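One file, work_5.cif, carrying mmCIF, C-alpha atoms and all ligand atoms:
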```
data_final
#
loop_
_atom_site.label_atom_id
_atom_site.label_comp_id
_atom_site.auth_asym_id
_atom_site.auth_seq_id
_atom_site.Cartn_x
_atom_site.Cartn_y
_atom_site.Cartn_z
CA MET A 1 -15.77 -2.86 45.62
CA LEU A 2 -12.67 -2.18 43.61
CA ASN A 3 -11.86 -4.84 41.02
CA ILE A 4 -8.67 -4.66 39.01
CA VAL A 5 -7.16 -6.89 36.34
CA LEU A 6 -3.39 -6.99 36.20
CA PHE A 7 -2.63 -7.77 32.58
CA GLY A 8 0.63 -8.57 30.81
CA ALA A 9 2.77 -11.20 29.15
CA PRO A 10 4.31 -13.99 31.21
CA GLY A 11 7.29 -12.52 33.05
CA SER A 12 5.93 -8.96 32.99
CA GLY A 13 5.86 -8.67 36.80
CA LYS A 14 2.17 -9.36 37.51
CA GLY A 15 2.88 -11.39 40.67
CA THR A 16 5.32 -8.84 42.11
CA GLN A 17 3.05 -5.87 41.46
CA SER A 18 -0.11 -7.71 42.62
CA ALA A 19 1.45 -8.14 46.06
CA LYS A 20 2.00 -4.40 46.31
CA ILE A 21 -1.45 -3.47 45.01
CA ILE A 22 -3.29 -5.73 47.47
CA ASP A 23 -1.23 -4.28 50.29
CA GLU A 24 -1.75 -0.61 49.44
CA PHE A 25 -5.38 -0.81 48.35
CA GLY A 26 -6.56 -3.55 50.76
CA LEU A 27 -7.69 -5.98 48.06
CA PHE A 28 -7.87 -9.77 47.71
CA HIS A 29 -5.40 -11.44 45.32
CA ILE A 30 -6.49 -14.13 42.88
CA SER A 31 -3.68 -15.57 40.77
CA THR A 32 -5.11 -18.32 38.57
CA GLY A 33 -1.56 -19.63 38.02
CA ASP A 34 -1.07 -19.95 41.81
CA VAL A 35 -4.47 -21.68 42.17
CA LEU A 36 -3.47 -24.24 39.52
CA ARG A 37 0.04 -24.76 40.92
CA ASP A 38 -1.51 -25.40 44.34
CA HIS A 39 -3.71 -28.13 42.83
CA ILE A 40 -0.66 -29.68 41.14
CA LYS A 41 1.25 -29.64 44.45
CA ARG A 42 -1.65 -31.31 46.26
CA GLY A 43 -2.01 -33.90 43.49
CA THR A 44 -5.74 -33.28 42.91
CA GLU A 45 -7.61 -34.43 39.78
CA LEU A 46 -7.71 -30.83 38.59
CA GLY A 47 -3.97 -30.56 39.26
CA LYS A 48 -3.30 -33.53 36.97
CA ILE A 49 -5.34 -31.98 34.16
CA ALA A 50 -3.77 -28.54 34.68
CA ASN A 51 -0.25 -29.95 34.67
CA ASP A 52 -0.71 -31.35 31.14
CA TYR A 53 -1.47 -27.86 29.80
CA ILE A 54 0.96 -25.85 31.96
CA SER A 55 3.96 -28.06 31.18
CA LYS A 56 3.36 -27.47 27.45
CA GLY A 57 2.87 -23.73 27.88
CA GLN A 58 -0.77 -24.01 26.78
CA LEU A 59 -3.85 -22.42 28.32
CA ILE A 60 -6.31 -24.42 30.41
CA PRO A 61 -9.60 -24.59 28.39
CA ASP A 62 -11.90 -21.63 28.98
CA ASP A 63 -14.88 -23.57 30.41
CA LEU A 64 -12.75 -25.23 33.07
CA MET A 65 -10.83 -22.05 33.92
CA ILE A 66 -14.01 -20.00 34.26
CA GLN A 67 -15.52 -22.63 36.56
CA ILE A 68 -12.38 -22.56 38.73
CA LEU A 69 -12.52 -18.77 38.98
CA ASP A 70 -16.22 -18.81 39.86
CA ASN A 71 -15.45 -21.25 42.72
CA VAL A 72 -12.57 -19.14 44.06
CA LEU A 73 -14.76 -16.02 43.99
CA GLU A 74 -17.51 -17.88 45.84
CA GLU A 75 -15.32 -19.59 48.43
CA GLN A 76 -12.62 -17.02 49.10
CA ALA A 77 -13.48 -13.57 47.79
CA ALA A 78 -16.97 -13.09 49.23
CA GLY A 79 -17.16 -10.07 51.53
CA LYS A 80 -13.78 -8.68 50.43
CA GLU A 81 -13.32 -5.01 49.50
CA GLY A 82 -12.27 -5.96 46.00
CA VAL A 83 -10.07 -8.26 43.95
CA VAL A 84 -6.87 -8.06 41.95
CA PHE A 85 -7.15 -10.61 39.13
CA ASP A 86 -3.63 -11.75 38.20
CA GLY A 87 -3.43 -13.98 35.11
CA PHE A 88 -7.17 -13.90 34.37
CA PRO A 89 -8.65 -13.22 31.85
CA ARG A 90 -6.31 -14.60 29.20
CA THR A 91 -8.85 -14.91 26.35
CA ILE A 92 -11.83 -12.90 25.09
CA PRO A 93 -14.35 -15.56 26.31
CA GLN A 94 -12.74 -15.34 29.78
CA ALA A 95 -13.12 -11.53 29.71
CA GLU A 96 -16.80 -11.91 28.81
CA ALA A 97 -17.22 -14.45 31.61
CA LEU A 98 -15.50 -12.17 34.14
CA LYS A 99 -17.92 -9.39 33.26
CA GLU A 100 -20.82 -11.74 33.92
CA LEU A 101 -19.35 -13.21 37.14
CA LEU A 102 -18.89 -9.70 38.54
CA ARG A 103 -22.31 -8.52 37.33
CA LYS A 104 -23.89 -11.53 39.05
CA ARG A 105 -22.30 -10.32 42.29
CA GLY A 106 -23.56 -6.76 41.80
CA THR A 107 -20.18 -5.33 40.91
CA ASP A 108 -17.99 -4.47 37.92
CA LEU A 109 -14.42 -4.36 36.66
CA HIS A 110 -12.93 -0.92 37.32
CA ALA A 111 -9.49 -0.90 35.69
CA VAL A 112 -7.10 -3.06 33.69
CA ILE A 113 -3.43 -2.38 34.37
CA GLY A 114 -1.32 -3.42 31.35
CA LEU A 115 2.32 -4.11 32.20
CA GLU A 116 4.27 -3.57 28.98
CA VAL A 117 7.77 -5.11 28.83
CA PRO A 118 10.01 -5.81 25.77
CA GLU A 119 10.15 -9.46 24.76
CA GLU A 120 13.91 -10.00 25.37
CA GLU A 121 13.47 -8.77 28.93
CA LEU A 122 10.51 -11.13 29.50
CA VAL A 123 12.58 -14.13 28.43
CA GLU A 124 15.54 -13.10 30.59
CA ARG A 125 13.29 -12.59 33.65
CA MET A 126 11.59 -15.99 33.24
CA ILE A 127 14.92 -17.81 32.77
CA ASN A 128 16.19 -16.18 35.98
CA ARG A 129 12.97 -16.99 37.85
CA GLY A 130 13.27 -20.61 36.71
CA LYS A 131 16.80 -20.79 38.14
CA GLU A 132 15.80 -19.12 41.42
CA THR A 133 12.49 -20.86 42.11
CA GLY A 134 12.65 -24.06 40.09
CA ARG A 135 9.32 -23.18 38.45
CA ALA A 136 8.86 -25.98 35.92
CA ASP A 137 7.41 -23.96 33.02
CA ASP A 138 10.22 -21.36 33.17
CA ASN A 139 12.41 -23.27 30.68
CA ILE A 140 13.24 -21.91 27.23
CA ASP A 141 11.00 -24.23 25.15
CA THR A 142 7.92 -23.71 27.32
CA ILE A 143 8.65 -19.96 27.58
CA LYS A 144 8.66 -19.69 23.76
CA ASN A 145 5.28 -21.41 23.57
CA ARG A 146 3.80 -19.30 26.40
CA LEU A 147 4.83 -16.13 24.54
CA LYS A 148 3.32 -17.46 21.28
CA VAL A 149 0.06 -18.24 23.11
CA TYR A 150 0.15 -14.80 24.75
CA HIS A 151 0.42 -13.04 21.38
CA SER A 152 -2.32 -15.05 19.68
CA GLN A 153 -4.87 -15.45 22.50
CA THR A 154 -4.21 -12.94 25.28
CA HIS A 155 -2.82 -9.79 23.63
CA PRO A 156 -6.14 -9.07 21.82
CA LEU A 157 -7.54 -8.23 25.26
CA LYS A 158 -5.54 -4.99 25.18
CA GLU A 159 -7.76 -3.73 22.38
CA TYR A 160 -10.87 -5.20 24.02
CA TYR A 161 -10.29 -3.28 27.26
CA THR A 162 -9.06 -0.14 25.46
CA THR A 163 -12.40 -0.04 23.65
CA GLU A 164 -14.13 -0.36 27.03
CA GLY A 165 -12.05 2.61 28.30
CA LYS A 166 -10.53 0.48 31.08
CA TYR A 167 -6.98 -0.16 29.84
CA ILE A 168 -4.16 1.71 31.61
CA PRO A 169 -0.78 1.10 29.92
CA ILE A 170 2.22 0.99 32.27
CA ASN A 171 5.90 0.72 31.32
CA GLY A 172 6.83 -2.47 33.18
CA SER A 173 10.61 -2.11 32.71
CA GLY A 174 12.73 -0.60 35.46
CA ILE A 175 12.62 -0.32 39.22
CA VAL A 176 9.84 -2.25 40.96
CA ASP A 177 8.80 0.61 43.31
CA GLU A 178 8.72 3.16 40.49
CA ILE A 179 6.56 0.86 38.37
CA PHE A 180 4.25 0.39 41.36
CA ASN A 181 3.99 4.16 41.82
CA GLU A 182 2.83 4.51 38.18
CA ILE A 183 0.27 1.74 38.74
CA ALA A 184 -1.03 3.27 41.97
CA CYS A 185 -1.35 6.72 40.36
CA GLY A 186 -3.25 5.13 37.45
CA ILE A 187 -5.64 3.31 39.81
CA GLU A 188 -6.21 6.45 41.91
CA LYS A 189 -6.86 8.61 38.86
CA THR A 190 -9.18 6.13 37.14
CA THR A 191 -11.17 4.80 40.10
CA GLY A 192 -10.93 7.49 42.80
CA ALA A 193 -9.59 4.85 45.26
CA LYS A 194 -6.73 5.92 47.53
CA ARG A 195 -3.68 3.91 48.57
CA ARG A 196 -3.12 3.48 52.31
CA THR A 197 0.21 5.29 52.48
CA LYS A 198 -0.11 8.50 50.52
CA LYS A 199 2.88 9.22 48.27
P1 LIG A 201 0.83 -17.79 35.39
O1 LIG A 201 1.33 -18.14 36.75
O2 LIG A 201 -0.24 -16.74 35.43
O3 LIG A 201 1.95 -17.42 34.45
O4 LIG A 201 0.14 -19.10 34.79
C1 LIG A 201 0.87 -20.29 34.58
C2 LIG A 201 0.12 -21.21 33.64
O5 LIG A 201 -1.15 -21.54 34.20
C3 LIG A 201 -0.19 -20.62 32.27
O6 LIG A 201 0.90 -20.75 31.36
C4 LIG A 201 -1.41 -21.46 31.86
O7 LIG A 201 -1.02 -22.75 31.43
C5 LIG A 201 -2.16 -21.63 33.19
N1 LIG A 201 -3.12 -20.52 33.40
C6 LIG A 201 -3.08 -19.56 34.38
N2 LIG A 201 -4.11 -18.72 34.27
C7 LIG A 201 -4.83 -19.13 33.20
C8 LIG A 201 -6.01 -18.66 32.55
N3 LIG A 201 -6.65 -17.56 32.97
N4 LIG A 201 -6.47 -19.35 31.48
C9 LIG A 201 -5.84 -20.47 31.03
N5 LIG A 201 -4.72 -20.95 31.57
C10 LIG A 201 -4.21 -20.31 32.66
#
```
Take the structure in the file and write it out as C-alpha cells.
Amino acid sequence: MLNIVLFGAPGSGKGTQSAKIIDEFGLFHISTGDVLRDHIKRGTELGKIANDYISKGQLIPDDLMIQILDNVLEEQAAGKEGVVFDGFPRTIPQAEALKELLRKRGTDLHAVIGLEVPEEELVERMINRGKETGRADDNIDTIKNRLKVYHSQTHPLKEYYTTEGKYIPINGSGIVDEIFNEIACGIEKTTGAKRRTKK
C-alpha cells in the first residue's frame, strides 16, 4: 500500500492536488471535510453536530473525527492500493491515531506532502472559492478563525512529521500542474512508487 497525507492550511490546494495524486498513483481519496459536508447535506445526526463546528471554523473533536475516519477506512478503503488523506490529521492526537489505524491494518504512512502557501494568497483563494461554489465556511470571519485554528492546532504537525522523516515541503503557489509535478517527484523519490504517465 501507499499511504500519503496531503497537509496544508485551508485554501492551500489540498483538494485540487488530491484529485491529481489519486489519478496518477491509483489511490483512494479520503477528504474528511467532504465526508462531513456529505453528512450535512443528507441531514444526518452527525451532519448536525459537524455543522456547529464547521460554521464557526472550529475542528470537530478528535474522538469523533477519529471514529469517523476509522469507519471510512473500514467501509470504503478496504482492498484499495493506498489512500490519500486530505484534511486528516489536523491535530497531534489525530496523527497518533492515524498511525495506530494504519498499523492495525498492517500498513504505515509513507509520506506527508506539505503544501506551503503565503497567508494572503490563502485568504484570496478561499474568498474566491466561496464566491464560485457557495461553500458556507469560505466567508471572511470563518476564514480568519480557520487560519487561527490551523496555526495553533494543525501547524505543529509539520515538526511532528519532519522529526519522523516523512515531511516533504512543496511550494504551493503557482501553476497547478507544476505544483503537481513537484509533488509527484517527491512521492516517487521518497516512496519508490511511480506515476502512471511518466513525465
Ligand atoms: P476542509 O474541507 O478539509 O477544509 O474541512 C472543512 C471543515 O471540516 C474544517 O474547518 C473542520 O471544521 C472540519 N474538519 C475537516 N477535517 C477535520 C479533521 N481532521 N479534524 C477536525 N475537523 C475537521
From the options A:Ile183, A:Ala78, A:Ile68, A:Ile60, which residue's atoms come nearest to ligand LIG 201 (chain A), counting all atoms listed in the file? A:Ile60
Nearest to Glu121 (chain A): which of A:Asn181, A:Ile40, A:Asp52, A:Gly174 is it, counting only C-alpha atoms? A:Gly174
Find the residues near ligand LIG 201 (chain A). Use a cut-off of 6 Å, count all atoms listed in the file, and write them as a list of chain:residue names. A:Pro10, A:Thr32, A:Gly33, A:Asp34, A:Tyr53, A:Ile54, A:Gly57, A:Gln58, A:Leu59, A:Ile60, A:Met65, A:Gly87, A:Phe88, A:Pro89, A:Arg90, A:Arg146
Coordinates-based distance that separates CA of Val149 (chain A) from CA of Ile49 (chain A) (Å, one decimal):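 Taking CA of Ile49 (chain A) as the start and CA of Val149 (chain A) as the end point, the length is 18.4 Å.
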Give me the residues near region 162-171 of chain A as a PyMOL selection string, where near means some atom within 10 Å (using only C-alpha atoms) and where sequence neighbours in that chain fewer than 3 positions away do not count. chain A and resi 4-8+12+109-118+157-159+174+178-180+182-183+186-187+190
Can you pull out every residue within 9 Å of Lys99 (chain A), counting all atoms listed in the file, but drop anything in the same chain fewer than 5 positions away, and send it as a list in words? Gln94, Lys104, Thr107, Asp108 and Leu109 of chain A
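With CA of Leu147 (chain A) on one side and CA of Pro93 (chain A) on the other, the separation reads 19.3 Å.
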What's around Leu101 (chain A) at 10 Å? Count only C-alpha atoms, leave out sequence neighbours fewer than 6 positions away in its own chain, and write the answer as a list of chain:residue names. A:Ile66, A:Leu69, A:Asp70, A:Leu73, A:Ala95, A:Thr107, A:Asp108
With C-alpha atoms retained, export the selected residues as a tab-separated table (two decimals), keeping the file's coordinate frame.
```tsv
chain	number	residue	atom	x	y	z
A	66	ILE	CA	-14.01	-20.00	34.26
A	69	LEU	CA	-12.52	-18.77	38.98
A	70	ASP	CA	-16.22	-18.81	39.86
A	73	LEU	CA	-14.76	-16.02	43.99
A	95	ALA	CA	-13.12	-11.53	29.71
A	107	THR	CA	-20.18	-5.33	40.91
A	108	ASP	CA	-17.99	-4.47	37.92
```
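Proximity to His151 (chain A) was assessed for A:Thr197, A:Ala9, A:Gly79, A:Gly192 counting only C-alpha atoms; the smallest distance is recorded for A:Ala9.
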Measuring atom to atom with all atoms listed in the file, identify which of A:Ala193, A:Leu98, A:Leu64, A:Ala136 is nearest to Arg37 (chain A). A:Ala136
Quick one: distance from CA of Arg135 (chain A) to CA of Asp38 (chain A) in Å, one decimal? 12.5 Å
Measuring atom to atom with only C-alpha atoms, identify which of A:Gly13, A:Asp141, A:Asn128, A:Gln153 is nearest to Pro61 (chain A).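 Checking each candidate against Pro61 (chain A), we get A:Gln153 as the closest.
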For Ser31 (chain A), work out the shell of residues within 9 Å, counting only C-alpha atoms and skipping chain neighbours fewer than 3 positions away, then give it as number ranges by chain. A: 15, 18, 34-36, 84-88
